[in-house]
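Participant: First the structure, which I've put down as structure tokens, then a few questions once you've had a look.
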Amino acid sequence: MAYHRWGRLVHSLAARALGDPREAEDVTQQVFVAAWRGRANFRPERGTLPGWLTGITRRKIADALTARTRRTELTAALGAALEHTGGSQEGPEGIIDRLLVTEELARLPRVQRDVLELAYFADLTQTQIADRTGMPLGTVKSHARRGLLRMRHGLGLAATGG
């Protein structure tokens with residue numbers, strides 16, 4: 001019922017903000033799923049249903065824009081990496097693997113990501129990383145191990161579609 005009555009409002013707000021009808025459809029669906037799941041939080045005395053849905057819509061639009069920015073940055077980073085390595089020799093599977101690893105690396109906490117980037121991209125040993133960052137060697141090793149385990153878990157979920 002709410003979708004039939006307020007779906008056009010939500011969709012038009014999303015389409016105007018995002019400029020992409022398919023992305024607006026996704027946001028519209030996310031809004032109504034979030035509204036259904038959070039229906040116990042709706043308080044008529046605090047505002048109207050369209051106002052509540054508009055608030056959810058704004059948050060979902062912000063999430064979509066953040067995800068779009070992340071995808072754009074990831075694509076740019078992948079393009080730069082492919083230019084750097086002469087990516088024309090790499091097949092589609094290699095590009096997808098590189099994209100997944102880059103995305104998973106971006107999800108790590110900053111310190112773990114920094115340690116792994118120094119190890120793999122700057123080709124530094126853990127001792128050199130400790131010297132450069134001022135962290136104790138044991139801390140560098142711990143961050144490297146936790147980061148690799150987290151990436152392994154994340155990539156395992158990506159491989160299984162989870």
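FYI, nothing fancy with the structure tokens labels: chains A, B, ... in order, residues from 1 per chain, ligands from 1 as they appear.
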Applying 9 Å and only C-alpha atoms, which residues near stretch 13-30 of chain A remain after dropping the ones on its own chain fewer than 3 positions away? List them as a ChimeraX atom specification.

Facilitator: /A:7-10,33-35,54,57-58,60-61,64-65

Participant: May I have the residues within 12 Å of A:Arg43 as a short mmCIF file (atom, residue, chain, number, x, y, z; two decimals) with all heavy atoms, in the first residue's frame, using only C-alpha atoms and disregarding those fewer than 6 positions away in the same chain?

Facilitator:
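Written file, out-v4.cif:
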```
data_model
loop_
_atom_site.label_atom_id
_atom_site.label_comp_id
_atom_site.auth_asym_id
_atom_site.auth_seq_id
_atom_site.Cartn_x
_atom_site.Cartn_y
_atom_site.Cartn_z
N LEU A 49 4.12 9.93 7.25
CA LEU A 49 4.73 8.79 6.56
C LEU A 49 5.58 9.26 5.36
O LEU A 49 6.72 8.81 5.22
CB LEU A 49 3.66 7.79 6.11
CG LEU A 49 4.20 6.55 5.37
CD1 LEU A 49 5.15 5.76 6.25
CD2 LEU A 49 3.05 5.68 4.91
N GLY A 51 7.13 12.03 5.01
CA GLY A 51 8.33 12.66 5.57
C GLY A 51 9.33 11.63 6.07
O GLY A 51 10.54 11.77 5.87
N TRP A 52 8.82 10.59 6.71
CA TRP A 52 9.67 9.50 7.20
C TRP A 52 10.34 8.78 6.03
O TRP A 52 11.54 8.52 6.04
CB TRP A 52 8.81 8.55 8.03
CG TRP A 52 9.55 7.45 8.71
CD1 TRP A 52 10.51 7.56 9.67
CD2 TRP A 52 9.36 6.05 8.49
NE1 TRP A 52 10.93 6.32 10.06
CE2 TRP A 52 10.24 5.36 9.36
CE3 TRP A 52 8.53 5.31 7.67
CZ2 TRP A 52 10.31 3.97 9.42
CZ3 TRP A 52 8.59 3.93 7.73
CH2 TRP A 52 9.48 3.27 8.59
N LEU A 53 9.55 8.51 4.99
CA LEU A 53 10.10 7.85 3.79
C LEU A 53 11.13 8.74 3.10
O LEU A 53 12.14 8.24 2.58
CB LEU A 53 8.97 7.48 2.82
CG LEU A 53 8.04 6.36 3.28
CD1 LEU A 53 6.86 6.23 2.33
CD2 LEU A 53 8.79 5.05 3.41
#
```

Participant: Using only C-alpha atoms, which protein or nucleic acid residues come within 9 Å of A:Leu116? Drop anything in the same chain fewer than 3 positions from it, and give the result as a PyMOL selection string.

Facilitator: chain A and resi 105+111-113+119-121+143-144+147-148

Participant: Kindly export the residues of the current selection with C-alpha atoms, as a PDB file, in the first residue's frame.

Facilitator:
```pdb
ATOM      1  CA  LEU A 105      42.229  -3.972   0.605  1.00  0.00           C
ATOM      2  CA  VAL A 111      46.841   0.680   9.705  1.00  0.00           C
ATOM      3  CA  GLN A 112      46.448  -2.868   8.305  1.00  0.00           C
ATOM      4  CA  ARG A 113      46.030  -1.495   4.783  1.00  0.00           C
ATOM      5  CA  ALA A 119      54.850  -4.793   2.052  1.00  0.00           C
ATOM      6  CA  TYR A 120      53.443  -5.535  -1.392  1.00  0.00           C
ATOM      7  CA  PHE A 121      53.523  -2.314  -3.356  1.00  0.00           C
ATOM      8  CA  HIS A 143      48.763  -5.965  11.511  1.00  0.00           C
ATOM      9  CA  ALA A 144      50.025  -7.847   8.454  1.00  0.00           C
ATOM     10  CA  GLY A 147      44.978  -7.825   7.457  1.00  0.00           C
ATOM     11  CA  LEU A 148      45.762 -10.908   5.375  1.00  0.00           C
TER      12      LEU A 148
END
```
